[in-house]
Amino acid sequence: MDIGLRLEQELEQAVAHAAGNDCPPLLSQALKHAVFPGGARIRPRLVLAVSNACASGKATAATQNATAAITFASAVELLHCASLVHDDLPCFDNSPLRRGKPSVHAAFGERLAVLAGDALIVLGFEWLAVKAGERLAPLTRILASCVGGPSGICAGQAWECERTIDIVRYQRAKTGALFAACTMGGAASQGYEPFAWQKLGFAIGEAFQVADDLRDVAGSAEKLGKPVHQDEVNHAPNFVAELGFDGAMGHFEELLAAAREAIPDCPGRDALAQQIEAVSRSLVTGLSARTVAA
């Protein structure tokens with residue numbers, strides 16, 4: 001079965017569990033709106049890519065641990081969707097759009113958006129508890145450490161409330177932490193020691209953040225499905241503002257090289273490197289300094 005279809009089916013099952021008949025109708029609608037239709041599902045796909053790279057050539061192990069991998073991938077996406085719901089709130093980015101449609105608070109109101117985000121966080125951990133099997137303990141620890149404090153995505157969002165911000169610590173927590181969860185969780189699902197995969201996740205996460213910053217100043221709302229120039233509007237740190245367009249693009253290239261070097265030994269190392277490179281580069285294709293002022 002196509003991995004994208006398998007992932008969507010898993011997410012549909014998870015959301016149906018939380019948005020069932022006993023759920024208040026508007027909350028049920030808000031939960032579905034937050035998750036479907038999804039974006040590129042980059043984070044859960046990274047979980048599965050690492051899991052497959054670790055299991056490459058070991059059909060039996062791959063089959064036995066496939067449930068843990070797809071469950072963790074789904075939990076990561078639920079947590080990511082929750083973070084987007086909260087990130088779009090008026091108290092943060094006040095974004096009216098997400099994934100080319102009204103953000104959850106724009107469609108359902110601020111109160112339901114807060115509750116929908118909270119419910120998705122809980123659902124991510126519940127789904128792990130229901131389906132992760134013997135991998136539950138390590139996968140739960142990985143996800144929790146990369147979502148809460150002191151350096152998970154909640155801490156990353158909290159840096160925006162500080163008077164002074166260290167952009168590296170801010171971006172590592174806000175974006176890199178969940179990517180680290182992806183690489184660590186993908187490896188742990190196949191029985192690998194997860195900490196060795198953390199450096200790869202941070203490198204990919206920072207590369208994706210640089211790409212997001214580049215797209216915020218040089219992309220278009222039509223292609224991104226959300227407003228652009230939001231970092232400037234919200235006075236949020238941005239690598240392009242710090243380094244200039246060419247400097248940020250150069251940093252992006254450095255991070256891709258670092259990511260390639262950071263992939264631990266595993267059966268599918270070369271294929272994983274190619275996959276990471278292709279997906280990462282697709283994010284900045286067509287961007288140039290000329291479009292910044294356009």
# chains A, B, ... in the order shown; residues from 1 in each chain; ligands from 1
call {"tool": "residues_around", "arguments": {"residues": "region 143-159 of chain A", "least_positions_apart": "3", "cutoff": "9 Å", "atoms": "only C-alpha atoms", "output": "PyMOL selection string"}}
result
chain A and resi 72+75-76+79+83+87+92+125+138-140+162-166+169-182+185
call {"tool": "write_last_selection", "arguments": {"atoms": "N, CA and C atoms", "output": "JSON list (two decimals), in the first residue's frame"}}
result
[["chain", "number", "residue", "atom", "x", "y", "z"],
["A", 72, "PHE", "N", 3.64, 6.09, 15.63],
["A", 72, "PHE", "CA", 4.43, 7.24, 16.04],
["A", 72, "PHE", "C", 4.35, 8.35, 15.00],
["A", 75, "ALA", "N", 1.12, 10.11, 15.50],
["A", 75, "ALA", "CA", 1.15, 10.93, 16.71],
["A", 75, "ALA", "C", 1.93, 12.22, 16.47],
["A", 76, "VAL", "N", 3.05, 12.13, 15.78],
["A", 76, "VAL", "CA", 3.83, 13.32, 15.44],
["A", 76, "VAL", "C", 2.99, 14.30, 14.63],
["A", 79, "LEU", "N", 0.42, 16.07, 16.79],
["A", 79, "LEU", "CA", 1.06, 17.11, 17.60],
["A", 79, "LEU", "C", 1.44, 18.31, 16.74],
["A", 83, "SER", "N", 0.08, 22.16, 17.05],
["A", 83, "SER", "CA", 0.95, 23.34, 17.14],
["A", 83, "SER", "C", 0.56, 24.40, 16.12],
["A", 87, "ASP", "N", -0.46, 28.09, 16.96],
["A", 87, "ASP", "CA", 0.40, 29.10, 16.35],
["A", 87, "ASP", "C", -0.41, 30.17, 15.61],
["A", 92, "PHE", "N", -0.85, 34.77, 19.05],
["A", 92, "PHE", "CA", 0.46, 34.48, 18.48],
["A", 92, "PHE", "C", 0.55, 35.12, 17.09],
["A", 125, "PHE", "N", -0.84, 11.39, 22.21],
["A", 125, "PHE", "CA", -0.30, 10.49, 23.23],
["A", 125, "PHE", "C", -1.23, 9.29, 23.47],
["A", 138, "PRO", "N", 9.73, 4.05, 25.13],
["A", 138, "PRO", "CA", 10.72, 4.92, 24.48],
["A", 138, "PRO", "C", 10.09, 5.94, 23.54],
["A", 139, "LEU", "N", 9.04, 5.55, 22.82],
["A", 139, "LEU", "CA", 8.42, 6.48, 21.89],
["A", 139, "LEU", "C", 7.70, 7.62, 22.62],
["A", 140, "THR", "N", 7.08, 7.30, 23.76],
["A", 140, "THR", "CA", 6.42, 8.34, 24.54],
["A", 140, "THR", "C", 7.43, 9.33, 25.10],
["A", 162, "GLU", "N", 9.60, 36.26, 25.20],
["A", 162, "GLU", "CA", 10.75, 36.85, 25.89],
["A", 162, "GLU", "C", 11.14, 38.18, 25.25],
["A", 163, "ARG", "N", 11.79, 39.02, 26.02],
["A", 163, "ARG", "CA", 12.21, 40.33, 25.51],
["A", 163, "ARG", "C", 13.39, 40.20, 24.55],
["A", 164, "THR", "N", 14.27, 39.26, 24.81],
["A", 164, "THR", "CA", 15.38, 38.99, 23.90],
["A", 164, "THR", "C", 15.37, 37.52, 23.54],
["A", 165, "ILE", "N", 15.70, 37.24, 22.29],
["A", 165, "ILE", "CA", 15.59, 35.87, 21.78],
["A", 165, "ILE", "C", 16.90, 35.46, 21.13],
["A", 166, "ASP", "N", 17.40, 34.29, 21.53],
["A", 166, "ASP", "CA", 18.53, 33.67, 20.85],
["A", 166, "ASP", "C", 17.93, 32.87, 19.69],
["A", 169, "ARG", "N", 18.55, 28.99, 19.62],
["A", 169, "ARG", "CA", 17.79, 28.24, 20.62],
["A", 169, "ARG", "C", 16.30, 28.26, 20.29],
["A", 170, "TYR", "N", 15.82, 29.40, 19.86],
["A", 170, "TYR", "CA", 14.40, 29.56, 19.50],
["A", 170, "TYR", "C", 14.01, 28.61, 18.37],
["A", 171, "GLN", "N", 14.76, 28.63, 17.28],
["A", 171, "GLN", "CA", 14.40, 27.81, 16.12],
["A", 171, "GLN", "C", 14.63, 26.33, 16.40],
["A", 172, "ARG", "N", 15.66, 26.02, 17.18],
["A", 172, "ARG", "CA", 15.92, 24.61, 17.50],
["A", 172, "ARG", "C", 14.75, 24.01, 18.27],
["A", 173, "ALA", "N", 14.19, 24.80, 19.21],
["A", 173, "ALA", "CA", 13.06, 24.31, 19.99],
["A", 173, "ALA", "C", 11.77, 24.33, 19.18],
["A", 174, "LYS", "N", 11.50, 25.45, 18.51],
["A", 174, "LYS", "CA", 10.22, 25.60, 17.84],
["A", 174, "LYS", "C", 10.07, 24.66, 16.65],
["A", 175, "THR", "N", 11.16, 24.45, 15.89],
["A", 175, "THR", "CA", 11.08, 23.62, 14.69],
["A", 175, "THR", "C", 11.91, 22.36, 14.81],
["A", 176, "GLY", "N", 13.16, 22.51, 15.26],
["A", 176, "GLY", "CA", 14.07, 21.37, 15.25],
["A", 176, "GLY", "C", 13.66, 20.25, 16.18],
["A", 177, "ALA", "N", 13.03, 20.58, 17.30],
["A", 177, "ALA", "CA", 12.70, 19.55, 18.29],
["A", 177, "ALA", "C", 11.79, 18.48, 17.72],
["A", 178, "LEU", "N", 10.77, 18.88, 16.98],
["A", 178, "LEU", "CA", 9.84, 17.88, 16.45],
["A", 178, "LEU", "C", 10.50, 17.06, 15.34],
["A", 179, "PHE", "N", 11.40, 17.67, 14.57],
["A", 179, "PHE", "CA", 12.15, 16.89, 13.57],
["A", 179, "PHE", "C", 13.08, 15.90, 14.26],
["A", 180, "ALA", "N", 13.65, 16.30, 15.40],
["A", 180, "ALA", "CA", 14.47, 15.36, 16.16],
["A", 180, "ALA", "C", 13.62, 14.19, 16.66],
["A", 181, "ALA", "N", 12.38, 14.50, 17.07],
["A", 181, "ALA", "CA", 11.47, 13.42, 17.47],
["A", 181, "ALA", "C", 11.25, 12.46, 16.30],
["A", 182, "CYS", "N", 11.12, 12.99, 15.10],
["A", 182, "CYS", "CA", 10.88, 12.15, 13.92],
["A", 182, "CYS", "C", 12.02, 11.18, 13.68],
["A", 185, "GLY", "N", 12.36, 8.80, 16.81],
["A", 185, "GLY", "CA", 11.24, 7.86, 16.89],
["A", 185, "GLY", "C", 11.26, 6.84, 15.77]]
call {"tool": "residues_around", "arguments": {"residues": "Asp246 (chain A)", "least_positions_apart": "5", "cutoff": "10 Å", "atoms": "only C-alpha atoms", "output": "list in words"}}
result
Leu214, Val240, His251, Phe252, Ser288 and Ala289 of chain A
call {"tool": "residues_around", "arguments": {"residues": "Ile167 (chain A)", "least_positions_apart": "6", "cutoff": "9 Å", "atoms": "only C-alpha atoms", "output": "ChimeraX atom specification"}}
result
/A:237-239,242
call {"tool": "residues_around", "arguments": {"residues": "region 8-22 of chain A", "least_positions_apart": "6", "cutoff": "12 Å", "atoms": "only C-alpha atoms", "output": "count of residues only"}}
result
47
call {"tool": "closest_residue", "arguments": {"among": "A:Leu272, A:Ala82, A:Leu26, A:Ala218", "to": "Arg260 (chain A)", "atoms": "only C-alpha atoms"}}
result
A:Leu272
call {"tool": "select_by_dssp", "arguments": {"residues": "region 74-229 of chain A", "states": "alpha helix (DSSP H)", "output": "PyMOL selection string"}}
result
chain A and resi 74-87+104-108+110-131+136-147+153-158+167-171+177-188+198-218+221-224
call {"tool": "closest_residue", "arguments": {"among": "A:His235, A:Ala248, A:Asp212, A:Ile142", "to": "Gln198 (chain A)", "atoms": "only C-alpha atoms"}}
result
A:Ile142
call {"tool": "atom_distance", "arguments": {"atom1": "CA of Gln190 (chain A)", "atom2": "CA of Ser56 (chain A)"}}
result
10.4 Å
call {"tool": "residues_around", "arguments": {"residues": "Val85 (chain A)", "least_positions_apart": "3", "cutoff": "9 Å", "atoms": "only C-alpha atoms", "output": "PDB file with N, CA and C atoms, in the first residue's frame"}}
result
ATOM      1  N   ALA A  34      -8.674  20.726  11.385  1.00  0.00           N
ATOM      2  CA  ALA A  34      -7.268  20.948  11.713  1.00  0.00           C
ATOM      3  C   ALA A  34      -6.337  19.928  11.064  1.00  0.00           C
ATOM      4  N   HIS A  80       1.889  18.053  15.533  1.00  0.00           N
ATOM      5  CA  HIS A  80       2.222  19.144  14.611  1.00  0.00           C
ATOM      6  C   HIS A  80       0.975  19.954  14.256  1.00  0.00           C
ATOM      7  N   CYS A  81      -0.118  19.263  13.956  1.00  0.00           N
ATOM      8  CA  CYS A  81      -1.368  19.965  13.643  1.00  0.00           C
ATOM      9  C   CYS A  81      -1.831  20.800  14.836  1.00  0.00           C
ATOM     10  N   ALA A  82      -1.688  20.266  16.038  1.00  0.00           N
ATOM     11  CA  ALA A  82      -2.047  21.018  17.238  1.00  0.00           C
ATOM     12  C   ALA A  82      -1.216  22.289  17.347  1.00  0.00           C
ATOM     13  N   ASP A  88      -1.528  29.756  15.023  1.00  0.00           N
ATOM     14  CA  ASP A  88      -2.366  30.676  14.237  1.00  0.00           C
ATOM     15  C   ASP A  88      -3.249  31.570  15.098  1.00  0.00           C
ATOM     16  N   LEU A  89      -3.352  31.276  16.394  1.00  0.00           N
ATOM     17  CA  LEU A  89      -4.260  32.023  17.264  1.00  0.00           C
ATOM     18  C   LEU A  89      -3.936  33.522  17.285  1.00  0.00           C
ATOM     19  N   ARG A  98      -4.497  28.712   6.804  1.00  0.00           N
ATOM     20  CA  ARG A  98      -3.574  27.610   7.043  1.00  0.00           C
ATOM     21  C   ARG A  98      -3.891  26.528   6.028  1.00  0.00           C
ATOM     22  N   SER A 103      -7.930  29.219   8.927  1.00  0.00           N
ATOM     23  CA  SER A 103      -7.350  28.578  10.107  1.00  0.00           C
ATOM     24  C   SER A 103      -8.487  28.172  11.048  1.00  0.00           C
ATOM     25  N   VAL A 104      -8.181  27.341  12.018  1.00  0.00           N
ATOM     26  CA  VAL A 104      -9.237  26.818  12.883  1.00  0.00           C
ATOM     27  C   VAL A 104      -9.924  27.945  13.644  1.00  0.00           C
ATOM     28  N   HIS A 105      -9.184  28.895  14.164  1.00  0.00           N
ATOM     29  CA  HIS A 105      -9.841  29.973  14.917  1.00  0.00           C
ATOM     30  C   HIS A 105     -10.662  30.874  14.000  1.00  0.00           C
ATOM     31  N   ALA A 113     -10.723  26.741  18.892  1.00  0.00           N
ATOM     32  CA  ALA A 113      -9.372  26.500  18.389  1.00  0.00           C
ATOM     33  C   ALA A 113      -8.442  26.067  19.525  1.00  0.00           C
ATOM     34  N   VAL A 114      -8.531  26.745  20.666  1.00  0.00           N
ATOM     35  CA  VAL A 114      -7.718  26.362  21.822  1.00  0.00           C
ATOM     36  C   VAL A 114      -8.038  24.933  22.236  1.00  0.00           C
ATOM     37  N   ALA A 116      -9.488  22.531  20.435  1.00  0.00           N
ATOM     38  CA  ALA A 116      -9.112  21.567  19.389  1.00  0.00           C
ATOM     39  C   ALA A 116      -7.616  21.271  19.443  1.00  0.00           C
ATOM     40  N   GLY A 117      -6.812  22.307  19.628  1.00  0.00           N
ATOM     41  CA  GLY A 117      -5.372  22.079  19.749  1.00  0.00           C
ATOM     42  C   GLY A 117      -5.044  21.214  20.949  1.00  0.00           C
TER      43      GLY A 117
END
call {"tool": "closest_residue", "arguments": {"among": "A:Ala211, A:Asp216, A:Ala132, A:Ala257", "to": "Gln274 (chain A)", "atoms": "only C-alpha atoms"}}
result
A:Ala257
call {"tool": "closest_atom_pairs", "arguments": {"of": "region 13-55 of chain A", "to": "region 199-207 of chain A", "cutoff": "12 Å", "atoms": "only C-alpha atoms", "output": "tab-separated table"}}
result
residue	atom	partner	partner_atom	distance
A:Ile42	CA	A:Gly205	CA	10.9
A:Arg43	CA	A:Gly205	CA	9.6
A:Leu46	CA	A:Gly201	CA	9.3
A:Val47	CA	A:Gly201	CA	10.1
A:Val50	CA	A:Gly201	CA	10.3
call {"tool": "write_last_selection", "arguments": {"atoms": "N, CA, C and O atoms", "output": "PDB file, in the first residue's frame"}}
result
ATOM      1  N   ILE A  42       5.291  16.174   5.957  1.00  0.00           N
ATOM      2  CA  ILE A  42       6.737  15.982   5.911  1.00  0.00           C
ATOM      3  C   ILE A  42       7.253  15.278   7.157  1.00  0.00           C
ATOM      4  O   ILE A  42       8.086  14.365   7.079  1.00  0.00           O
ATOM      5  N   ARG A  43       6.776  15.656   8.313  1.00  0.00           N
ATOM      6  CA  ARG A  43       7.282  15.082   9.559  1.00  0.00           C
ATOM      7  C   ARG A  43       6.955  13.599   9.699  1.00  0.00           C
ATOM      8  O   ARG A  43       7.852  12.795   9.981  1.00  0.00           O
ATOM      9  N   LEU A  46       9.027  11.605   7.397  1.00  0.00           N
ATOM     10  CA  LEU A  46      10.413  11.457   7.852  1.00  0.00           C
ATOM     11  C   LEU A  46      10.523  10.315   8.853  1.00  0.00           C
ATOM     12  O   LEU A  46      11.483   9.536   8.813  1.00  0.00           O
ATOM     13  N   VAL A  47       9.562  10.207   9.762  1.00  0.00           N
ATOM     14  CA  VAL A  47       9.545   9.072  10.701  1.00  0.00           C
ATOM     15  C   VAL A  47       9.619   7.757   9.935  1.00  0.00           C
ATOM     16  O   VAL A  47      10.442   6.874  10.240  1.00  0.00           O
ATOM     17  N   VAL A  50      13.013   7.114   8.061  1.00  0.00           N
ATOM     18  CA  VAL A  50      14.077   6.642   8.952  1.00  0.00           C
ATOM     19  C   VAL A  50      13.814   5.200   9.377  1.00  0.00           C
ATOM     20  O   VAL A  50      14.730   4.368   9.384  1.00  0.00           O
TER      21      VAL A  50
END
call {"tool": "decode", "arguments": {"residues": "region 169-186 of chain A", "atoms": "N, CA, C and O atoms", "output": "PDB file, in the first residue's frame"}}
result
ATOM      1  N   ARG A 169      18.550  28.988  19.622  1.00  0.00           N
ATOM      2  CA  ARG A 169      17.792  28.237  20.621  1.00  0.00           C
ATOM      3  C   ARG A 169      16.296  28.257  20.294  1.00  0.00           C
ATOM      4  O   ARG A 169      15.594  27.252  20.460  1.00  0.00           O
ATOM      5  N   TYR A 170      15.819  29.404  19.859  1.00  0.00           N
ATOM      6  CA  TYR A 170      14.405  29.559  19.505  1.00  0.00           C
ATOM      7  C   TYR A 170      14.006  28.611  18.371  1.00  0.00           C
ATOM      8  O   TYR A 170      13.039  27.850  18.482  1.00  0.00           O
ATOM      9  N   GLN A 171      14.756  28.629  17.277  1.00  0.00           N
ATOM     10  CA  GLN A 171      14.396  27.806  16.122  1.00  0.00           C
ATOM     11  C   GLN A 171      14.633  26.328  16.395  1.00  0.00           C
ATOM     12  O   GLN A 171      13.899  25.477  15.908  1.00  0.00           O
ATOM     13  N   ARG A 172      15.664  26.016  17.183  1.00  0.00           N
ATOM     14  CA  ARG A 172      15.917  24.609  17.497  1.00  0.00           C
ATOM     15  C   ARG A 172      14.751  24.015  18.272  1.00  0.00           C
ATOM     16  O   ARG A 172      14.339  22.875  18.034  1.00  0.00           O
ATOM     17  N   ALA A 173      14.193  24.800  19.212  1.00  0.00           N
ATOM     18  CA  ALA A 173      13.061  24.306  19.994  1.00  0.00           C
ATOM     19  C   ALA A 173      11.774  24.330  19.176  1.00  0.00           C
ATOM     20  O   ALA A 173      11.033  23.348  19.133  1.00  0.00           O
ATOM     21  N   LYS A 174      11.501  25.447  18.513  1.00  0.00           N
ATOM     22  CA  LYS A 174      10.222  25.603  17.835  1.00  0.00           C
ATOM     23  C   LYS A 174      10.067  24.658  16.647  1.00  0.00           C
ATOM     24  O   LYS A 174       8.985  24.113  16.407  1.00  0.00           O
ATOM     25  N   THR A 175      11.156  24.452  15.890  1.00  0.00           N
ATOM     26  CA  THR A 175      11.075  23.620  14.691  1.00  0.00           C
ATOM     27  C   THR A 175      11.906  22.356  14.809  1.00  0.00           C
ATOM     28  O   THR A 175      11.451  21.260  14.510  1.00  0.00           O
ATOM     29  N   GLY A 176      13.162  22.512  15.255  1.00  0.00           N
ATOM     30  CA  GLY A 176      14.072  21.374  15.255  1.00  0.00           C
ATOM     31  C   GLY A 176      13.658  20.249  16.180  1.00  0.00           C
ATOM     32  O   GLY A 176      13.895  19.075  15.879  1.00  0.00           O
ATOM     33  N   ALA A 177      13.026  20.584  17.303  1.00  0.00           N
ATOM     34  CA  ALA A 177      12.704  19.554  18.291  1.00  0.00           C
ATOM     35  C   ALA A 177      11.790  18.479  17.722  1.00  0.00           C
ATOM     36  O   ALA A 177      12.000  17.285  17.957  1.00  0.00           O
ATOM     37  N   LEU A 178      10.772  18.884  16.976  1.00  0.00           N
ATOM     38  CA  LEU A 178       9.845  17.882  16.446  1.00  0.00           C
ATOM     39  C   LEU A 178      10.499  17.056  15.337  1.00  0.00           C
ATOM     40  O   LEU A 178      10.197  15.867  15.185  1.00  0.00           O
ATOM     41  N   PHE A 179      11.404  17.669  14.571  1.00  0.00           N
ATOM     42  CA  PHE A 179      12.151  16.893  13.573  1.00  0.00           C
ATOM     43  C   PHE A 179      13.082  15.897  14.259  1.00  0.00           C
ATOM     44  O   PHE A 179      13.280  14.784  13.770  1.00  0.00           O
ATOM     45  N   ALA A 180      13.654  16.300  15.396  1.00  0.00           N
ATOM     46  CA  ALA A 180      14.470  15.357  16.164  1.00  0.00           C
ATOM     47  C   ALA A 180      13.624  14.193  16.656  1.00  0.00           C
ATOM     48  O   ALA A 180      14.070  13.036  16.670  1.00  0.00           O
ATOM     49  N   ALA A 181      12.382  14.495  17.068  1.00  0.00           N
ATOM     50  CA  ALA A 181      11.472  13.418  17.465  1.00  0.00           C
ATOM     51  C   ALA A 181      11.245  12.459  16.303  1.00  0.00           C
ATOM     52  O   ALA A 181      11.179  11.238  16.505  1.00  0.00           O
ATOM     53  N   CYS A 182      11.124  12.994  15.101  1.00  0.00           N
ATOM     54  CA  CYS A 182      10.876  12.152  13.921  1.00  0.00           C
ATOM     55  C   CYS A 182      12.015  11.178  13.676  1.00  0.00           C
ATOM     56  O   CYS A 182      11.794   9.971  13.471  1.00  0.00           O
ATOM     57  N   THR A 183      13.250  11.684  13.678  1.00  0.00           N
ATOM     58  CA  THR A 183      14.379  10.803  13.393  1.00  0.00           C
ATOM     59  C   THR A 183      14.619   9.822  14.541  1.00  0.00           C
ATOM     60  O   THR A 183      14.878   8.638  14.316  1.00  0.00           O
ATOM     61  N   MET A 184      14.503  10.317  15.769  1.00  0.00           N
ATOM     62  CA  MET A 184      14.706   9.437  16.918  1.00  0.00           C
ATOM     63  C   MET A 184      13.609   8.385  17.021  1.00  0.00           C
ATOM     64  O   MET A 184      13.869   7.202  17.278  1.00  0.00           O
ATOM     65  N   GLY A 185      12.356   8.798  16.808  1.00  0.00           N
ATOM     66  CA  GLY A 185      11.245   7.861  16.888  1.00  0.00           C
ATOM     67  C   GLY A 185      11.259   6.843  15.771  1.00  0.00           C
ATOM     68  O   GLY A 185      10.927   5.663  15.978  1.00  0.00           O
ATOM     69  N   GLY A 186      11.631   7.270  14.565  1.00  0.00           N
ATOM     70  CA  GLY A 186      11.725   6.329  13.455  1.00  0.00           C
ATOM     71  C   GLY A 186      12.749   5.245  13.733  1.00  0.00           C
ATOM     72  O   GLY A 186      12.526   4.062  13.446  1.00  0.00           O
TER      73      GLY A 186
END
